[in-house]
$ cat work-v8.csv   # CSV, C-alpha atoms
chain,number,residue,atom,x,y,z
C,1,MET,CA,189.1,162.3,75.1
C,2,THR,CA,186.1,164.5,75.8
C,3,PHE,CA,184.0,165.9,72.9
C,4,ARG,CA,185.4,169.4,73.7
C,5,LYS,CA,189.0,168.2,73.5
C,6,ALA,CA,188.3,166.2,70.3
C,7,LEU,CA,186.7,169.3,68.7
C,8,ALA,CA,189.6,171.4,69.8
C,9,ALA,CA,192.1,168.9,68.4
C,10,PHE,CA,190.3,169.0,65.0
C,11,ILE,CA,190.3,172.8,64.9
C,12,LEU,CA,194.0,172.8,65.9
C,13,LEU,CA,194.8,170.5,63.0
C,14,LEU,CA,193.1,172.9,60.6
C,15,VAL,CA,194.9,175.9,62.0
C,16,PHE,CA,198.4,174.4,62.1
C,17,ASN,CA,198.1,172.8,58.6
C,18,SER,CA,196.9,176.1,57.0
C,19,GLY,CA,200.2,177.9,57.2
C,20,CYS,CA,200.8,181.6,56.9
C,21,GLY,CA,198.5,183.0,54.3
C,22,SER,CA,197.9,179.6,52.7
C,23,PHE,CA,195.8,179.4,49.6
C,24,ALA,CA,192.7,177.2,49.4
C,25,GLY,CA,192.4,174.4,46.8
C,26,THR,CA,193.1,170.8,46.1
C,27,LYS,CA,196.6,169.5,47.1
C,28,THR,CA,198.2,167.3,44.5
C,29,TYR,CA,200.6,165.7,46.9
C,30,LYS,CA,199.3,164.5,50.2
C,31,ASN,CA,200.2,161.8,52.7
C,32,PRO,CA,196.7,160.7,53.8
C,33,ASP,CA,197.6,158.6,56.8
C,34,TYR,CA,200.2,161.1,58.2
C,35,SER,CA,202.7,158.4,58.6
C,36,PRO,CA,206.4,158.1,57.4
C,37,ASN,CA,205.4,155.8,54.6
C,38,ASP,CA,206.0,156.5,50.9
C,39,LEU,CA,203.8,159.2,49.5
C,40,GLY,CA,201.0,157.9,47.2
C,41,TYR,CA,201.1,161.0,45.0
C,42,LEU,CA,199.6,161.4,41.5
C,43,ARG,CA,202.3,161.4,38.9
C,44,ILE,CA,201.3,164.6,37.2
C,45,GLY,CA,203.0,167.9,37.2
C,46,MET,CA,206.1,167.2,39.3
C,47,PRO,CA,207.3,163.7,39.9
C,48,ASP,CA,211.0,164.8,39.9
C,49,ILE,CA,213.0,167.8,41.2
C,50,PRO,CA,212.2,170.8,39.0
C,51,ARG,CA,215.0,172.9,37.4
C,52,LEU,CA,216.5,175.3,39.9
C,53,PRO,CA,217.8,178.8,39.2
C,54,ALA,CA,221.5,179.2,38.9
C,55,ASP,CA,221.7,182.5,40.9
C,56,ASP,CA,219.9,184.3,43.8
C,57,TRP,CA,221.2,181.9,46.4
C,58,LEU,CA,222.2,182.5,50.1
C,59,ASN,CA,224.6,180.1,51.9
C,60,ALA,CA,225.5,178.4,48.5
C,61,SER,CA,227.3,178.9,45.3
C,62,PRO,CA,225.6,178.6,41.9
C,63,GLY,CA,227.2,175.1,41.6
C,64,ILE,CA,224.7,173.7,44.0
C,65,VAL,CA,222.3,173.3,41.1
C,66,ASP,CA,224.5,170.6,39.6
C,67,SER,CA,225.4,168.9,42.9
C,68,LEU,CA,222.1,167.4,44.0
C,69,GLY,CA,222.5,164.1,42.2
C,70,GLY,CA,222.4,161.2,44.6
C,71,LYS,CA,221.3,163.4,47.5
C,72,VAL,CA,218.1,163.3,49.5
C,73,VAL,CA,216.7,166.8,49.1
C,74,LEU,CA,214.2,168.6,51.4
C,75,PHE,CA,212.6,171.8,50.0
C,76,ASP,CA,211.1,174.1,52.6
C,77,PHE,CA,208.8,176.9,51.3
C,78,TRP,CA,208.9,179.7,53.8
C,79,ASP,CA,208.8,183.5,54.4
C,80,TYR,CA,210.9,185.1,57.1
C,81,THR,CA,207.9,187.1,58.3
C,82,CYS,CA,205.7,184.0,58.7
C,83,VAL,CA,205.2,182.8,62.3
C,84,ASN,CA,204.3,179.3,61.2
C,85,CYS,CA,207.5,179.1,59.1
C,86,ILE,CA,209.6,180.5,62.0
C,87,ARG,CA,208.3,177.8,64.3
C,88,THR,CA,209.6,175.1,62.0
C,89,LEU,CA,213.1,176.5,61.9
C,90,PRO,CA,214.4,174.7,65.1
C,91,TYR,CA,213.6,171.4,63.4
C,92,LEU,CA,215.1,172.3,60.1
C,93,LYS,CA,218.3,173.5,61.7
C,94,GLU,CA,218.7,170.4,63.7
C,95,TRP,CA,218.0,168.1,60.7
C,96,TYR,CA,220.6,170.0,58.8
C,97,LYS,CA,223.1,169.5,61.6
C,98,ARG,CA,222.2,165.8,62.0
C,99,TYR,CA,222.0,164.6,58.5
C,100,SER,CA,223.8,166.9,56.0
C,101,GLY,CA,226.9,164.7,56.5
C,102,ASP,CA,224.9,161.6,55.5
C,103,GLY,CA,223.6,163.0,52.2
C,104,LEU,CA,220.7,165.3,53.1
C,105,VAL,CA,220.4,168.7,51.4
C,106,ILE,CA,218.0,171.2,52.8
C,107,ILE,CA,217.0,174.1,50.5
C,108,GLY,CA,214.9,176.9,51.9
C,109,VAL,CA,212.8,178.4,49.1
C,110,HIS,CA,212.0,181.9,50.2
C,111,SER,CA,208.8,183.0,48.5
C,112,PRO,CA,208.0,186.4,50.1
C,113,GLU,CA,204.5,187.4,51.1
C,114,PHE,CA,205.3,191.1,51.4
C,115,GLN,CA,207.2,193.4,49.0
C,116,PHE,CA,209.9,194.4,51.5
C,117,ALA,CA,210.9,190.7,52.0
C,118,LYS,CA,212.0,190.6,48.4
C,119,LYS,CA,215.1,192.6,49.2
C,120,ARG,CA,218.2,190.5,49.5
C,121,ARG,CA,219.7,192.4,52.4
C,122,ASN,CA,216.5,191.9,54.4
C,123,LEU,CA,216.6,188.2,53.8
C,124,GLU,CA,220.3,188.0,54.6
C,125,LYS,CA,219.7,189.8,58.0
C,126,ALA,CA,216.8,187.4,58.7
C,127,ALA,CA,218.9,184.3,57.9
C,128,GLU,CA,221.6,185.6,60.2
C,129,LYS,CA,219.1,186.3,63.0
C,130,PHE,CA,217.7,182.8,62.8
C,131,GLY,CA,221.1,181.2,62.4
C,132,LEU,CA,220.3,179.5,59.1
C,133,MET,CA,223.3,177.8,57.5
C,134,TYR,CA,221.6,175.7,54.8
C,135,PRO,CA,221.2,176.9,51.2
C,136,ILE,CA,218.3,179.4,50.6
C,137,VAL,CA,217.1,180.3,47.1
C,138,MET,CA,215.2,183.6,46.5
C,139,ASP,CA,211.9,182.9,44.8
C,140,ASN,CA,210.7,186.5,44.5
C,141,ASP,CA,208.7,185.9,41.3
C,142,PHE,CA,207.1,182.7,42.8
C,143,LYS,CA,208.5,180.6,39.9
C,144,LEU,CA,209.4,177.7,42.1
C,145,TRP,CA,206.2,178.1,44.1
C,146,ASN,CA,204.2,177.6,40.9
C,147,GLU,CA,206.4,174.8,39.5
C,148,PHE,CA,205.8,172.9,42.7
C,149,GLY,CA,202.1,173.8,42.8
C,150,ASN,CA,202.8,175.0,46.3
C,151,GLN,CA,199.9,176.5,48.3
C,152,SER,CA,201.2,177.2,51.9
C,153,TRP,CA,203.8,178.7,54.1
C,154,PRO,CA,205.5,176.5,55.3
C,155,GLU,CA,205.3,173.4,53.1
C,156,GLU,CA,208.0,170.7,52.8
C,157,TYR,CA,208.8,168.4,49.8
C,158,LEU,CA,211.2,165.5,50.3
C,159,PHE,CA,212.9,163.9,47.3
C,160,ASP,CA,214.9,160.7,47.4
C,161,ALA,CA,218.4,160.2,46.0
C,162,ASN,CA,216.9,159.5,42.5
C,163,GLY,CA,215.2,162.9,42.5
C,164,VAL,CA,211.7,161.5,42.9
C,165,LEU,CA,209.2,163.1,45.3
C,166,ARG,CA,208.5,160.8,48.2
C,167,TYR,CA,206.9,162.9,50.9
C,168,ASN,CA,205.1,166.2,51.4
C,169,HIS,CA,203.9,168.0,54.4
C,170,ILE,CA,201.7,171.1,54.6
C,171,GLY,CA,202.0,173.6,57.5
C,172,GLU,CA,203.4,173.0,61.0
C,173,GLY,CA,203.5,169.8,62.9
C,174,GLU,CA,204.2,166.1,62.2
C,175,TYR,CA,207.9,166.7,62.7
C,176,GLY,CA,208.6,163.2,63.8
C,177,ASN,CA,207.1,161.8,60.7
C,178,THR,CA,209.1,164.1,58.5
C,179,GLU,CA,212.3,163.2,60.2
C,180,GLY,CA,211.5,159.5,60.1
C,181,MET,CA,211.1,159.8,56.3
C,182,ILE,CA,214.4,161.6,56.0
C,183,GLN,CA,216.1,158.7,57.8
C,184,LYS,CA,214.3,156.2,55.7
C,185,LEU,CA,215.4,157.8,52.4
C,186,LEU,CA,219.0,158.2,53.6
C,187,LYS,CA,219.1,154.5,54.6
C,188,GLU,CA,217.8,153.5,51.1
C,189,SER,CA,221.0,155.2,49.7
C,190,ASP,CA,223.3,153.7,52.4
C,191,PRO,CA,221.9,150.9,54.6
C,192,LYS,CA,224.9,151.1,56.9
C,193,LEU,CA,223.9,154.5,58.2
C,194,SER,CA,222.6,154.6,61.8
C,195,PHE,CA,220.6,157.5,63.3
C,196,PRO,CA,219.6,158.9,66.7
C,197,PRO,CA,216.0,158.9,67.8
C,198,VAL,CA,213.9,161.6,66.2
C,199,MET,CA,213.8,164.9,67.9
C,200,GLN,CA,211.6,165.5,70.9
C,201,PRO,CA,209.0,168.2,70.4
C,202,VAL,CA,210.4,171.7,71.2
C,203,ARG,CA,207.0,173.1,72.2
C,204,PRO,CA,203.8,171.7,73.8
C,205,THR,CA,201.9,172.5,70.6
C,206,ASP,CA,204.2,170.1,68.7
C,207,VAL,CA,203.3,167.0,70.9
C,208,PRO,CA,201.3,164.5,68.9
C,209,GLY,CA,197.7,164.6,70.1
C,210,ALA,CA,198.0,168.0,71.8
C,211,VAL,CA,194.7,169.7,72.5
C,212,CYS,CA,195.1,173.5,72.3
C,213,TYR,CA,192.9,176.6,72.5
C,214,LEU,CA,191.8,178.3,69.3
C,215,PRO,CA,193.5,181.8,69.1
C,216,THR,CA,192.4,184.9,67.2
C,217,ALA,CA,193.0,184.3,63.5
C,218,GLU,CA,195.8,185.9,61.6
C,219,THR,CA,194.8,189.5,61.0
C,220,TYR,CA,195.9,191.5,58.0
C,221,LEU,CA,195.8,195.3,58.2
C,222,GLY,CA,196.0,196.5,54.6
C,223,TYR,CA,192.8,196.9,52.6
C,224,GLU,CA,193.5,194.0,50.2
C,225,ARG,CA,192.9,191.4,52.9
C,226,GLY,CA,192.2,193.3,56.1
C,227,HIS,CA,188.8,193.9,57.9
C,228,ILE,CA,189.0,197.1,59.9
C,229,GLY,CA,186.7,197.6,62.8
C,230,ASN,CA,186.4,201.4,62.4
C,231,GLY,CA,183.0,202.5,61.0
C,232,GLU,CA,184.9,204.8,58.6
C,233,GLY,CA,186.4,201.7,56.9
C,234,HIS,CA,189.7,201.6,55.0
C,235,ALA,CA,190.8,204.8,53.5
C,236,GLU,CA,192.4,203.3,50.4
C,237,ASP,CA,195.7,204.9,49.4
C,238,LYS,CA,195.0,208.1,51.3
C,239,ILE,CA,195.3,209.6,54.8
C,240,LEU,CA,192.3,209.6,57.1
C,241,GLU,CA,192.0,210.7,60.7
C,242,TYR,CA,190.2,208.0,62.7
C,243,PRO,CA,188.4,208.9,65.9
C,244,ARG,CA,188.7,206.6,68.9
C,245,PRO,CA,186.0,204.0,68.7
C,246,LYS,CA,183.3,203.9,71.3
C,247,THR,CA,183.5,200.1,71.5
C,248,VAL,CA,186.1,197.5,70.4
C,249,LYS,CA,184.7,194.3,69.0
C,250,LYS,CA,186.5,191.0,69.5
C,251,ASP,CA,189.1,190.0,67.0
C,252,ARG,CA,188.9,193.2,65.0
C,253,PHE,CA,191.6,195.9,64.7
C,254,TYR,CA,191.0,199.6,65.0
C,255,LEU,CA,193.0,202.7,64.1
C,256,VAL,CA,193.1,206.0,66.1
C,257,GLY,CA,194.6,209.2,64.7
C,258,LYS,CA,196.0,209.8,61.2
C,259,TRP,CA,196.7,206.7,59.2
C,260,GLU,CA,197.6,206.0,55.5
C,261,VAL,CA,196.1,202.7,54.3
C,262,HIS,CA,197.8,200.7,51.6
C,263,PRO,CA,197.0,197.3,50.0
C,264,GLN,CA,199.3,195.4,52.3
C,265,TYR,CA,199.8,197.7,55.3
C,266,VAL,CA,198.8,200.7,57.3
C,267,ARG,CA,201.2,203.5,58.1
C,268,TYR,CA,200.9,206.0,60.9
C,269,ALA,CA,200.8,209.5,59.5
C,270,GLY,CA,200.4,211.7,62.6
C,271,LYS,CA,202.5,213.1,65.3
C,272,SER,CA,204.3,210.9,67.9
C,273,GLY,CA,202.0,210.0,70.8
C,274,ASN,CA,198.7,210.7,69.0
C,275,GLY,CA,198.1,207.5,67.2
C,276,ARG,CA,196.9,204.1,68.3
C,277,LEU,CA,196.5,200.6,66.8
C,278,LEU,CA,193.9,198.6,68.9
C,279,ILE,CA,192.8,194.9,68.9
C,280,ASN,CA,191.0,192.7,71.3
C,281,TYR,CA,192.5,189.2,70.9
C,282,ALA,CA,192.4,185.7,72.4
C,283,ALA,CA,195.9,184.1,72.6
C,284,SER,CA,199.0,183.4,74.7
C,285,SER,CA,201.3,185.4,72.4
C,286,VAL,CA,201.1,188.1,69.8
C,287,ASN,CA,203.3,188.9,66.9
C,288,LEU,CA,203.2,191.8,64.4
C,289,VAL,CA,205.0,192.3,61.1
C,290,ILE,CA,206.4,195.8,61.0
C,291,ARG,CA,208.4,197.8,58.5
C,292,PRO,CA,210.1,201.1,59.1
C,293,ASP,CA,208.5,203.0,56.3
C,294,SER,CA,211.0,205.9,56.1
C,295,ALA,CA,208.4,208.0,54.3
C,296,GLY,CA,210.4,211.2,54.5
C,297,ALA,CA,213.7,209.6,53.4
C,298,VAL,CA,215.1,210.2,49.9
C,299,ASP,CA,216.5,206.6,50.0
C,300,LYS,CA,213.6,204.3,50.8
C,301,ASN,CA,216.1,201.6,51.8
C,302,ILE,CA,217.1,203.7,54.9
C,303,HIS,CA,215.4,202.5,58.0
C,304,HIS,CA,215.3,204.6,61.2
C,305,SER,CA,214.9,203.1,64.6
C,306,PHE,CA,211.9,204.1,66.6
C,307,ARG,CA,209.8,202.9,69.5
C,308,VAL,CA,206.4,201.4,69.6
C,309,TYR,CA,204.8,201.5,73.0
C,310,VAL,CA,202.8,198.5,74.0
C,311,TYR,CA,199.9,198.3,76.5
C,312,GLU,CA,197.9,195.3,77.7
C,313,ASP,CA,194.5,196.0,79.1
C,314,GLY,CA,195.5,199.7,79.3
C,315,LEU,CA,198.7,199.0,81.4
C,316,PRO,CA,202.3,198.4,80.6
C,317,VAL,CA,203.0,194.8,79.7
C,318,PRO,CA,203.7,192.7,82.9
C,319,GLU,CA,207.3,191.5,83.3
C,320,GLY,CA,206.4,187.8,82.8
C,321,GLU,CA,204.7,188.5,79.5
C,322,ARG,CA,207.4,190.7,77.9
C,323,PRO,CA,209.3,189.2,74.9
C,324,ALA,CA,213.1,189.3,75.1
C,325,ASP,CA,213.4,192.5,73.1
C,326,MET,CA,210.9,194.5,75.1
C,327,ARG,CA,212.1,197.4,77.3
C,328,SER,CA,210.6,199.9,79.7
C,329,ASP,CA,211.4,203.6,79.8
C,330,HIS,CA,212.0,205.8,82.9
C,331,SER,CA,208.2,206.1,83.5
C,332,GLY,CA,207.6,202.4,83.3
C,333,ARG,CA,206.1,202.3,79.8
C,334,THR,CA,206.9,199.2,77.8
C,335,TYR,CA,208.1,199.4,74.3
C,336,ILE,CA,209.8,197.5,71.4
C,337,ALA,CA,212.4,199.2,69.2
C,338,VAL,CA,211.8,198.8,65.5
C,339,THR,CA,215.1,198.6,63.6
C,340,PHE,CA,214.4,196.1,60.8
C,341,PRO,CA,211.5,195.1,58.6
C,342,GLY,CA,210.2,191.7,59.9
C,343,MET,CA,208.1,190.0,62.5
C,344,TYR,CA,208.2,191.3,66.1
C,345,ASP,CA,207.2,189.6,69.3
C,346,ILE,CA,204.7,191.9,71.1
C,347,ILE,CA,203.4,189.6,73.9
C,348,SER,CA,204.8,186.3,75.0
C,349,GLY,CA,205.0,183.8,77.9
C,350,LYS,CA,201.5,184.3,79.2
C,351,ASP,CA,198.5,182.1,79.9
C,352,PHE,CA,195.9,181.8,77.1
C,353,GLY,CA,193.2,184.5,77.5
C,354,ARG,CA,191.4,187.5,76.0
C,355,HIS,CA,192.9,190.9,76.3
C,356,ASP,CA,192.9,194.4,74.9
C,357,LEU,CA,196.2,195.3,73.1
C,358,THR,CA,197.1,198.9,72.4
C,359,LEU,CA,200.1,200.0,70.3
C,360,GLU,CA,201.3,203.6,70.2
C,361,PRO,CA,203.6,204.4,67.3
C,362,GLY,CA,206.6,206.6,68.2
C,363,SER,CA,207.1,207.7,64.6
C,364,ASP,CA,205.3,208.2,61.3
C,365,ALA,CA,207.7,205.5,59.9
C,366,PHE,CA,205.6,202.8,61.6
C,367,ALA,CA,204.1,200.6,58.9
C,368,ALA,CA,202.2,197.5,60.2
C,369,TYR,CA,201.2,194.5,58.0
C,370,ALA,CA,199.7,191.6,59.9
C,371,PHE,CA,199.1,190.2,63.5
C,372,THR,CA,199.5,186.6,64.3
C,373,PHE,CA,198.5,184.9,67.5
C,374,GLY,CA,199.9,181.9,69.5
C,375,THR,CA,198.0,179.3,71.3
C,376,ALA,CA,198.5,177.3,74.5
C,377,CYS,CA,197.7,173.6,75.1
C,378,ASP,CA,195.8,171.7,77.7
C,379,THR,CA,198.3,169.1,79.0
C,380,THR,CA,196.1,167.7,81.8
C,381,GLY,CA,195.0,164.8,79.6
C,382,HIS,CA,198.6,163.8,78.7

$ encode --input "work-v8.csv" --output "C-alpha cells"
Amino acid sequence: MTFRKALAAFILLLVFNSGCGSFAGTKTYKNPDYSPNDLGYLRIGMPDIPRLPADDWLNASPGIVDSLGGKVVLFDFWDYTCVNCIRTLPYLKEWYKRYSGDGLVIIGVHSPEFQFAKKRRNLEKAAEKFGLMYPIVMDNDFKLWNEFGNQSWPEEYLFDANGVLRYNHIGEGEYGNTEGMIQKLLKESDPKLSFPPVMQPVRPTDVPGAVCYLPTAETYLGYERGHIGNGEGHAEDKILEYPRPKTVKKDRFYLVGKWEVHPQYVRYAGKSGNGRLLINYAASSVNLVIRPDSAGAVDKNIHHSFRVYVYEDGLPVPEGERPADMRSDHSGRTYIAVTFPGMYDIISGKDFGRHDLTLEPGSDAFAAYAFTFGTACDTTGH
C-alpha cells in the first residue's frame, strides 16, 4: 500500500468511527484489536444491562423489559436523521432476520439529535420508511445514553445471555466482526446452533481495508455549531437579508436572501424563488436534514409539502446523479419534495469530486439543519 493510500485509510477510520455528531472523550468500552474476541472492558459503570424504561417503545410491548433473560441483546444507539446510523440499518435488519429466532434481541435506542426527532409520530414514520421491525425505545431525555456512557451515533453494545457486556463498536464499519461476535455469544447459549457465513459488505466503503477519499465534513447550519461563510455572520434568533457572496470558499455554507437563524437550524424567511443556500463541497453524495417549519400554521405539527430546487455547478442535476426521489419540472429544473422532517438525499450516484451546490427553497417553511457528505473508494488496489 502506498503512503497516500495508508494515510487515506487512517483518515477514513477516523471519519467512520466518529459517528454523527459524536462527542470527544475517553471510551470506557473498546475492543482494541478490532477482532471478534471478548471485550476487555473495565468493570466500572456498566458491566450488566441497565434498567430499561417500561414505556415509550415502538415495535414492542412494555413486557419486553422483563423478557430479556437468557437472550443475547444488541443495543444500537441511533438517530433517524443520522447518515452514519442509516448506513448501518441494512446490517441490523439482516441480523434481526437471521438470528432473532436463535435468541438475539436487537433494541434500537433512539436518542434524537434534533428537537423534531423527539416526536413519536416522526419516529414511527421513519421506522416505517426504513422497514425496521425490531424493538425501538425512545430515549428523548438521553437517560439510556448517559447510563451507557455513550458518545456516538451510531454505537453498538452487545450483551451475552447472562446480561454481561461483551462487545462494543463505535461508528460505522467492522460489521463482520460484530456479526461474528453475535454468532459466538449465541453458540455459548446453544452449541448446537449453526449459522451462515457473515454478511458480505453492502457498499465499497464497508470492505475491510478500503481506501476512500476524504469528503467535506458534516456541516451544521444553526449558530450553535455552524460556521457560516457570509461576512455578516449568523443573525442569531432574528431575520437578516444576506447579499449574494462575491466568492464561495470551499467547505463553507452561505445564505442568500432573507433567513432566520436558530440554534439548530436556519429557516428561509423570504419569498419563493429569492433565496439560496450555497456550499462548495467535495463528495460523491450529499444529504441534508430538512424540517417543514410551518411557521405560519397555528398547529406547529402540520407539515406542508413544498419543493426545493437543486442545482449542481449552476445547472440542473444530471440524471445519473439524481436520488430516487428527485424530479424535474416542465422547464427541466430538478427538485426534491419536502413532506416530512428528516434526512433527504440531494446528490447521489456520482464520482467523487468538488462541486458547487445551490438549493432554492420553494417556501418559507424550509428549515435546514445539517449537511452530510458521502465518500467513494479507490478499488484499484483490491

$ closest_residue --input "work-v8.csv" --among "C:Ala117, C:Leu92, C:Leu158, C:Cys85" --to "Ile49 in chain C" --atoms "only C-alpha atoms"
C:Leu158

$ residues_around --input "work-v8.csv" --residues "Pro90 in chain C" --least-positions-apart "6" --cutoff "12 Å" --atoms "only C-alpha atoms" --output "JSON, numbers by chain"
{"C": [84, 96, 97, 130, 131, 132, 172, 175, 199, 200, 201, 202, 203, 206]}

$ residues_around --input "work-v8.csv" --residues "Pro245 in chain C" --least-positions-apart "3" --cutoff "8 Å" --atoms "all atoms listed in the file" --output "list in words"
Asn230, Val248, Tyr254 and Val256 of chain C

$ residues_around --input "work-v8.csv" --residues "range 264-275 of chain C" --least-positions-apart "4" --cutoff "7 Å" --atoms "all atoms listed in the file" --output "ChimeraX atom specification"
/C:221-224,256-260,360-369

$ write_last_selection --input "work-v8.csv" --atoms "C-alpha atoms" --output "mmCIF file, in the coordinates of the input"
data_model
loop_
_atom_site.group_PDB
_atom_site.id
_atom_site.type_symbol
_atom_site.label_atom_id
_atom_site.label_comp_id
_atom_site.auth_asym_id
_atom_site.auth_seq_id
_atom_site.Cartn_x
_atom_site.Cartn_y
_atom_site.Cartn_z
ATOM 1 C CA LEU C 221 195.800 195.300 58.200
ATOM 2 C CA GLY C 222 196.000 196.500 54.600
ATOM 3 C CA TYR C 223 192.800 196.900 52.600
ATOM 4 C CA GLU C 224 193.500 194.000 50.200
ATOM 5 C CA VAL C 256 193.100 206.000 66.100
ATOM 6 C CA GLY C 257 194.600 209.200 64.700
ATOM 7 C CA LYS C 258 196.000 209.800 61.200
ATOM 8 C CA TRP C 259 196.700 206.700 59.200
ATOM 9 C CA GLU C 260 197.600 206.000 55.500
ATOM 10 C CA GLU C 360 201.300 203.600 70.200
ATOM 11 C CA PRO C 361 203.600 204.400 67.300
ATOM 12 C CA GLY C 362 206.600 206.600 68.200
ATOM 13 C CA SER C 363 207.100 207.700 64.600
ATOM 14 C CA ASP C 364 205.300 208.200 61.300
ATOM 15 C CA ALA C 365 207.700 205.500 59.900
ATOM 16 C CA PHE C 366 205.600 202.800 61.600
ATOM 17 C CA ALA C 367 204.100 200.600 58.900
ATOM 18 C CA ALA C 368 202.200 197.500 60.200
ATOM 19 C CA TYR C 369 201.200 194.500 58.000
#

$ closest_residue --input "work-v8.csv" --among "C:Tyr213, C:Tyr311, C:Tyr242, C:Phe116" --to "Ile290 in chain C" --atoms "all atoms listed in the file"
C:Phe116

$ residues_around --input "work-v8.csv" --residues "Glu188 in chain C" --least-positions-apart "5" --cutoff "12 Å" --atoms "only C-alpha atoms" --output "ChimeraX atom specification"
/C:70-72,102-103,160-162,181-183,193-194
